[in-house]
Each structure stands twice: as structure tokens, then as C-alpha cells.
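Written below as C-alpha cells is the structure these notes are about.
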Amino acid sequence: MALPVRKFDAVIVGAGGSGLRAALELAQAGLKVAVLSKVFPTRSHTVAAQGGVGASLGNMGEDNWHWHMYDTVKGSDWLGDQDAIEFMCRMAPEVVIELEHFGMPFDRNENGTIYQRPFGGHSQNFGERPVQRSCCAADRTGHAMLHTLYQRNVLARTQFFVEWMALDLVRDADGAVLGVTALEMESGQVVLFQGKATLFATGGAGRIFSSSTNAFINTGDGVGMAARAGIPLEDMEFWQFHPTGVAGAGVLITEGVRGEGGILLNKGGERFMERYAPTMKDLASRDVVSRAMATEIKEGRGAGEHADHILLKLDHLGPEVIAKRLPGIREIAIKFANVDPVKDPIPVVPTCHYQMGGIPTNVRGEVVVPRGSELAVAVPGFYAAGECGCASIHGANRLGTNSLTDLLVMGKSAGQSMAEHIRAHGAAHRDLPKDAGEASVARLARLDGQAAGEDVSAVREEIQRTMQAHCGVFRFPDLLEQGVAKIRALGERVARTAITDKSQVFNTARIEALELDNLYETARATMVSAEARKETRGAHDREDFHARDDANWLKHTLWYREGDRLAYKPVNLKPLTVDTIEPKARVY
Amino acid sequence: MRSRETERLKWRSRRGLLELDILLGRFWAACGEELDEAETQGLARLLAMPDNDLLDLVMGRRECPDPELRPLLQRLKAA
């Protein structure tokens, strides 16, 4: 049975920062735009962004995009493509001013200019001294950004399809992307959204790890759909971790706790950081602390019933210091760790925060794949932006505040490219292939027809545990090898998920089963890519190859779902208009 | 079988902030099945709030301006 078809100029999946920014560009150009989102747009995960938008406005002191570019290249540990990084840093001031004009309530200086906050890793004059570059709206920058962009989209008559879940990419025999199939949660109806241009702006997939700061919606839907449609995934081994998230919950405990005198203990109550960093101890840099914590856990010295976490002790600071210097920490610990830090240590574990890799694109937001001898051929009609896309701006590690900059710059760029493509496309949509949407219908029929099978949350938790234990912040060769075998074996269980509630109307169990398919592709891409990369670079930190290896590994990974095949493409070290920034040691 | 309105609210408990996902998840596990009509309506109103505002209420950082919602918020906090 053929699916109902709805036709638009542009189909956008995801209504966070990048999806909304792209939609605005298209709707303001008078095009017919559909935006699909699992949740109401202002409840996208962008709402969690507090740090601000990095842009070299120079409102607090001298600054320019060359310095921002240098910091971003260095932050990426030279894996970022320098054309994309130049593009983002040059565009950043423009997109921030635009956002200001859209009504974004930025914090201001007395002279009326946008106030800019200091943030780690941002410098003046190529690493000489810190610079204030982060534009924010109190601690609600992401929230304010979503509201501003959503309202502008309402004005521009973007059509929102809220509580719709995209299922699969629709491609024709030439490989062109014609849209997506999507499920309306309210009715259970499946519709084919046909577009002349389709954008994935589905965010990150941090839920692949058992300890993650990401909201539950971050299941890598775009990444999973792209993988199923034969699109390779780029640099999926690179995930940013934070050393101290509440074990079992993922809620962050600020590094300020260690700054104020909090100390890390293993299960024997030993202050183990003294062994790893005799001088700095618990105040060593983020990667040193994360590595030490992971090593303690791997060697069986973790605390708790499963020996899977570390204890953060701060009771010796006394209740007054905790209340005065670390406001909010006590309530977070009580609420999410069920301990009162005035008396007991907080269980913590290195926690996943951000996905650097994703669907490969160029600076125009066009999805690009290798074909024949060419390394980057655009897939007609297909675009990606935001955390699910990989331009690659963040390379092996993302600089703080660059996630929001990326959303705005790449969202706008993708929107502009899509508008050009749509105008050149002609009035009629391409013909849909006869079997368009059948894969989605079959996937749903399999799930609805599965009488007995695997429990969705049990399989999800097994994937998350496997990723956390085998492919976490510090990676060991034996664990990675076992991890690849385990994650491959889990594929059979993912294919046999069963749900007891078969209702068509607001069936949460069904949505979660569909999300699991996407989560699994992301996890598998990550594990296989990480096992293969025999070096340490940025966030990919290996015990056995503990140095960056530019001779062999200054290249991007491309993972193909079919046969877990890996291919590589060189990093683009050539910026658009300036000289290259030569690789050197990344020290701060 | 749960009513579909309950399922809808359960889905709307999926939020942009992880903290709310966790706290609302606990609430559903503790008492989601036994909500009466008025509580269901109250929950729908809470879930329509922006994430940051709702988190402030559930964490007890701010007093809820609507007294009618306070008993339900109390259950949310206790979960």
C-alpha cells in the first residue's frame, strides 16, 4: 500500500538551533518548509546550552576571526577541516548580530554592545592570553536562542509537524534524496514527506553511553537514518566527555568542586590522583583526571556494587563552604545521587557530553560522500547541520561555545544552499521510486508483528553499558576488541525487539523501539571506528597508542554500515583564504 | 491499558533538559498509573512550561505561582 505523500520545497528533521536557523533562511526566502520534531521545538536539547556563542566581536578587548580560527584548529587537535573552521569563525560575528536583531536577549555592556564572557581555550594573538568571546543570555543562552528562532519561524510561516518521528530517508535509484518517511505519534499514521531538499538537524546521540549529559531524546535519529540509507558516518570515535557526572544519572557536577578542594577516592578510600599527578593531584587537567578515573575503574578499584564509579568527597570542606562556594551542588547531589555531600561522597563517572563526528558535509551543509576517485561528492538534495553533521569544524575535540556557533553558521549555510538547490530544481518534484517508504512500513510491521522478543530498555541498557565500559573516555585495546564483538552481537537482539502495547495512538514503547534502531547504528559506528584508530588525538584517548600520530592518522574516518567497512579521507589543512595552521603539539 | 491521554503526557515528559527527564521518569514510575482527572490536567499544565522554569519548580528553587499545582508539584518533588 502506497503511503500518503505531502510535498514541500524543503523538509527539515529536527527543530533545535540548527534546524530552526535553516528553516528560517528558507521560509524567509518564500519557500514552503516543513519542520518535523519529536518534541515541541523549544524543548529541543539546545535548551541545555548555557555557555554561550563564541564569536570574535571584540566587544571586551581586541579580537578577530583569525584568533578564533587558531583556537578552534588547536582545540580540534588538527583533525578539523581548516576550510570549514575558517568559514565558521568568519561567519560567527554576522550570525550573532543577526540573532541579536531577531530579538535574542543577549547580556549587554553599559555601552549597549553584547557582553562577552571568558571561556576556556579562547585566546588573543594565537594562544598568547585569554580573551572574552562568548556571547550569552545569562545561563539560558540555548533557551533564549530556541525561543527567538521559533518565533521568527512562526512569523515566516514555517510549517511545524510536532510530535512526528522521522523513520527513514527516501532515496531514488540515482542516490538523490527525496525526503523522509515519518510517523505521527498522535495517530500512528506514516506519511512520506517529499522535498526538493532535505536537511537532517537531529542533534547528537549522547545516549549511546550509560553516563551522558544528553536528554533522552538524543538518540541519533538522523545518524541512524543516514547509515541505513548507505551514507557513511565521519569520525564517530570522537566524543567529548566531562570527568564528573553523577554515576547512573549523568547530571554534571561542576569542576569547581575540585577547585574548591573536593577530592576523588577509589573504593579503598585512596586519593588515587596522587599517583597519577603528584603535583596537581585532583586539579590536574580534565583529560588527566578522566584517564585516571577510567584506569581505576578498569583495574577493579571502582566503588559501588559493580565497582563502576569513583567517589567525590567534599564533606571535609564543611557545610558552610559547600553552601557558599558551591551553590546548587548539594541539592543536585541529594536529588540525583541520593547522597548528602555534607556527609557522604558523591558517586561520579566520566560522562559523555558532545558528539564531534556525524554525517559528512562540506561548508555549504551539503552531505558529501566518496565516489570513485573523488573524495567528496554531494548527495543531491541531502543536507546536515548541527551536532549530527560533521563539516568538520570540531575535529577531534570541540572548543567550548563553538557548538552554538556551529548551529547558527551551519544552519544558515545549509538553508542558503538548500534555497539555491530548490530554485534550480524546477517546479516539479522528482518521481518517487515505486518502493518509496516500503522499508519503513516493513520495519513497523516487523515490530508490530513480533510476538515474543527482546525488551527495548534491556537492549538499550546493554548497548549503553557496553559503550561505557569498552569505549569510554580512556580506551584500552583489549576492551575495544571485545567491545566490537559485543556490539556486533547486540545487532541480533536489536532486530528482535518486541513491544506489548500495539496501539497506534501515542505509543511511547513503539517510539522507543524505533529510536533504539538509530541508537544502535551510532554505537556500532563509534565502537568500530574507535577500535581501528591506533593513536591518541583530542577526545580519542588510547592506552596503547598514547600519542598523536600525524604520519598515519591525520585523516578522517568514514564508517559504512554495510559490513562495518572503514575508509579514510585526508583532513583539509587548506583554509579558504589564509595560510594553513601547521600541526604542532596541543598544550594549554 | 493506560489511557491515551496518559501516554501523551508520558511522551511530553521527554524534555530538552536531562534533569527533567530523570525527575519526571521517577514520577511516572512512582505514581504515573494512579493520576486522577484533576492531576492529569495539572500535569499537562506543568509540562507546557519551558524546561528551565519547570526545573526551578521541581528543584524547589522557586515557589509555584499557581496554588492549585502545588500538591502535584509536591508529589513530583517527592518522587
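Residue numbering restarts at 1 in every chain; chains get A, B, ... in the order shown in the C-alpha cells, and ligands count up from 1 in that same order.
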
DSSP alpha helix (DSSP H) residues within chain B, as an MDAnalysis selection string: chainID B and resid 4:12 18:31 37:47 51:58 70:78

Counting only C-alpha atoms, chain B residues within 7 Å of chain A, as a list of chain:residue names: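 Applying the cut-off to the listed atoms yields B:Arg4, B:Glu7, B:Arg8, B:Trp11, B:Arg14, B:Arg15, B:Gly16, B:Leu17, B:Leu18, B:Glu19, B:Asp21, B:Asp51.
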
Polymer residues at most 12 Å from Asp53 of chain B, only C-alpha atoms, same-chain spacing of 4 or more positions, as an MDAnalysis selection string: (chainID A and resid 43 47 140 143) or (chainID B and resid 17 20 46:49 57:65)

Write the residues of the preceding selection, restricted to N, CA, C and O atoms, as a short mmCIF file (atom, residue, chain, number, x, y, z; two decimals), in the first residue's frame.
data_model
loop_
_atom_site.label_atom_id
_atom_site.label_comp_id
_atom_site.auth_asym_id
_atom_site.auth_seq_id
_atom_site.Cartn_x
_atom_site.Cartn_y
_atom_site.Cartn_z
N ARG A 43 11.62 22.65 23.28
CA ARG A 43 12.09 21.62 24.22
C ARG A 43 13.17 20.76 23.59
O ARG A 43 13.44 19.64 24.03
N VAL A 47 18.21 23.65 24.39
CA VAL A 47 17.81 24.39 25.59
C VAL A 47 18.82 24.21 26.73
O VAL A 47 18.93 25.05 27.62
N ARG A 140 20.90 31.01 30.28
CA ARG A 140 19.83 30.41 29.47
C ARG A 140 20.02 30.73 27.99
O ARG A 140 19.04 31.01 27.27
N HIS A 143 18.12 28.31 25.61
CA HIS A 143 16.68 28.55 25.77
C HIS A 143 16.26 29.81 25.00
O HIS A 143 15.30 29.79 24.22
N LEU B 17 15.96 19.08 28.82
CA LEU B 17 16.93 19.01 29.91
C LEU B 17 16.93 17.61 30.54
O LEU B 17 15.88 17.12 30.95
N LEU B 20 15.15 17.00 33.96
CA LEU B 20 13.70 16.81 33.94
C LEU B 20 13.33 15.41 33.46
O LEU B 20 12.39 14.80 33.98
N LEU B 46 1.78 21.77 33.78
CA LEU B 46 3.21 21.84 34.15
C LEU B 46 4.09 21.51 32.95
O LEU B 46 5.11 22.16 32.70
N LEU B 47 3.69 20.49 32.20
CA LEU B 47 4.52 20.04 31.07
C LEU B 47 4.52 21.04 29.92
O LEU B 47 5.38 20.98 29.04
N ALA B 48 3.57 21.97 29.94
CA ALA B 48 3.55 23.01 28.90
C ALA B 48 4.53 24.13 29.21
O ALA B 48 4.77 25.00 28.38
N MET B 49 5.11 24.11 30.40
CA MET B 49 6.05 25.17 30.78
C MET B 49 7.41 25.00 30.11
O MET B 49 7.79 23.88 29.78
N LEU B 57 10.94 24.87 39.51
CA LEU B 57 9.83 24.49 40.41
C LEU B 57 10.07 23.12 41.02
O LEU B 57 9.90 22.93 42.23
N VAL B 58 10.49 22.18 40.19
CA VAL B 58 10.65 20.81 40.69
C VAL B 58 11.83 20.71 41.66
O VAL B 58 11.81 19.92 42.60
N MET B 59 12.85 21.54 41.44
CA MET B 59 14.00 21.52 42.34
C MET B 59 13.74 22.38 43.58
O MET B 59 14.59 22.46 44.47
N GLY B 60 12.59 23.04 43.60
CA GLY B 60 12.24 23.85 44.77
C GLY B 60 13.01 25.16 44.84
O GLY B 60 13.12 25.77 45.91
N ARG B 61 13.54 25.62 43.71
CA ARG B 61 14.27 26.89 43.72
C ARG B 61 13.31 28.07 43.69
O ARG B 61 13.67 29.18 44.03
N ARG B 62 12.11 27.81 43.18
CA ARG B 62 11.09 28.86 43.15
C ARG B 62 9.76 28.28 43.60
O ARG B 62 9.49 27.10 43.39
N GLU B 63 8.94 29.14 44.18
CA GLU B 63 7.60 28.75 44.60
C GLU B 63 6.68 28.79 43.38
O GLU B 63 6.78 29.70 42.55
N CYS B 64 5.80 27.80 43.25
CA CYS B 64 4.89 27.79 42.11
C CYS B 64 3.84 28.89 42.29
O CYS B 64 3.18 28.97 43.32
N PRO B 65 3.68 29.77 41.29
CA PRO B 65 2.72 30.88 41.43
C PRO B 65 1.27 30.40 41.48
O PRO B 65 0.41 31.11 41.97
#

Gap from atom CA of Ala292 of chain A to atom CA of Val349 of chain A - Å, one decimal: 11.0 Å

Distance in Å - atom CA of Met69 of chain A versus atom CA of Glu237 of chain A: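 That distance, rounded to one decimal, is 23.2 Å.
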
List the neighbours of segment 469-481 of chain A out to 7 Å using only C-alpha atoms; skip same-chain residues closer than 3 positions along the sequence, and give me the result as a PDB file with C-alpha atoms, in the first residue's frame.
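The resulting file, selection-v4.pdb, is reproduced below:
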ATOM      1  CA  PHE A 241      33.492  13.630  27.984  1.00  0.00           C
ATOM      2  CA  SER A 290      39.272  11.354  33.319  1.00  0.00           C
ATOM      3  CA  ARG A 291      42.049   8.940  32.354  1.00  0.00           C
ATOM      4  CA  ALA A 294      38.844   5.231  33.949  1.00  0.00           C
ATOM      5  CA  PRO A 350      33.355  10.338  33.239  1.00  0.00           C
ATOM      6  CA  ARG A 465      26.833  -0.359  29.367  1.00  0.00           C
ATOM      7  CA  THR A 466      28.942  -1.839  26.578  1.00  0.00           C
ATOM      8  CA  VAL A 484      33.404  -4.644  18.762  1.00  0.00           C
ATOM      9  CA  ALA A 485      32.387  -8.296  19.182  1.00  0.00           C
ATOM     10  CA  MET A 527      32.978   1.284  18.558  1.00  0.00           C
ATOM     11  CA  GLU A 531      38.943   0.278  17.688  1.00  0.00           C
ATOM     12  CA  ASP A 541      42.498   8.615  24.093  1.00  0.00           C
ATOM     13  CA  ARG A 542      44.133   5.177  23.818  1.00  0.00           C
ATOM     14  CA  GLU A 543      46.247   3.477  26.409  1.00  0.00           C
ATOM     15  CA  ASP A 544      48.337   1.540  23.863  1.00  0.00           C
TER      16      ASP A 544
END

Spatial neighbours of segment 73-76 of chain B, max dist 8 Å, only C-alpha atoms, sep filter under 3 positions, as a list in words: Leu23, Leu24, Phe27, Leu57, Val58, Leu69, Arg70 and Ala79 of chain B

Could you take the residues named above and write them with C-alpha atoms, as a short mmCIF file (atom, residue, chain, number, x, y, z; two decimals), in the first residue's frame?
data_model
loop_
_atom_site.label_atom_id
_atom_site.label_comp_id
_atom_site.auth_asym_id
_atom_site.auth_seq_id
_atom_site.Cartn_x
_atom_site.Cartn_y
_atom_site.Cartn_z
CA LEU B 23 12.78 13.52 37.67
CA LEU B 24 9.69 13.04 35.52
CA PHE B 27 7.42 10.44 38.99
CA LEU B 57 9.83 24.49 40.41
CA VAL B 58 10.65 20.81 40.69
CA LEU B 69 -0.49 22.99 41.15
CA ARG B 70 1.35 22.84 44.45
CA ALA B 79 9.36 11.03 43.66
#
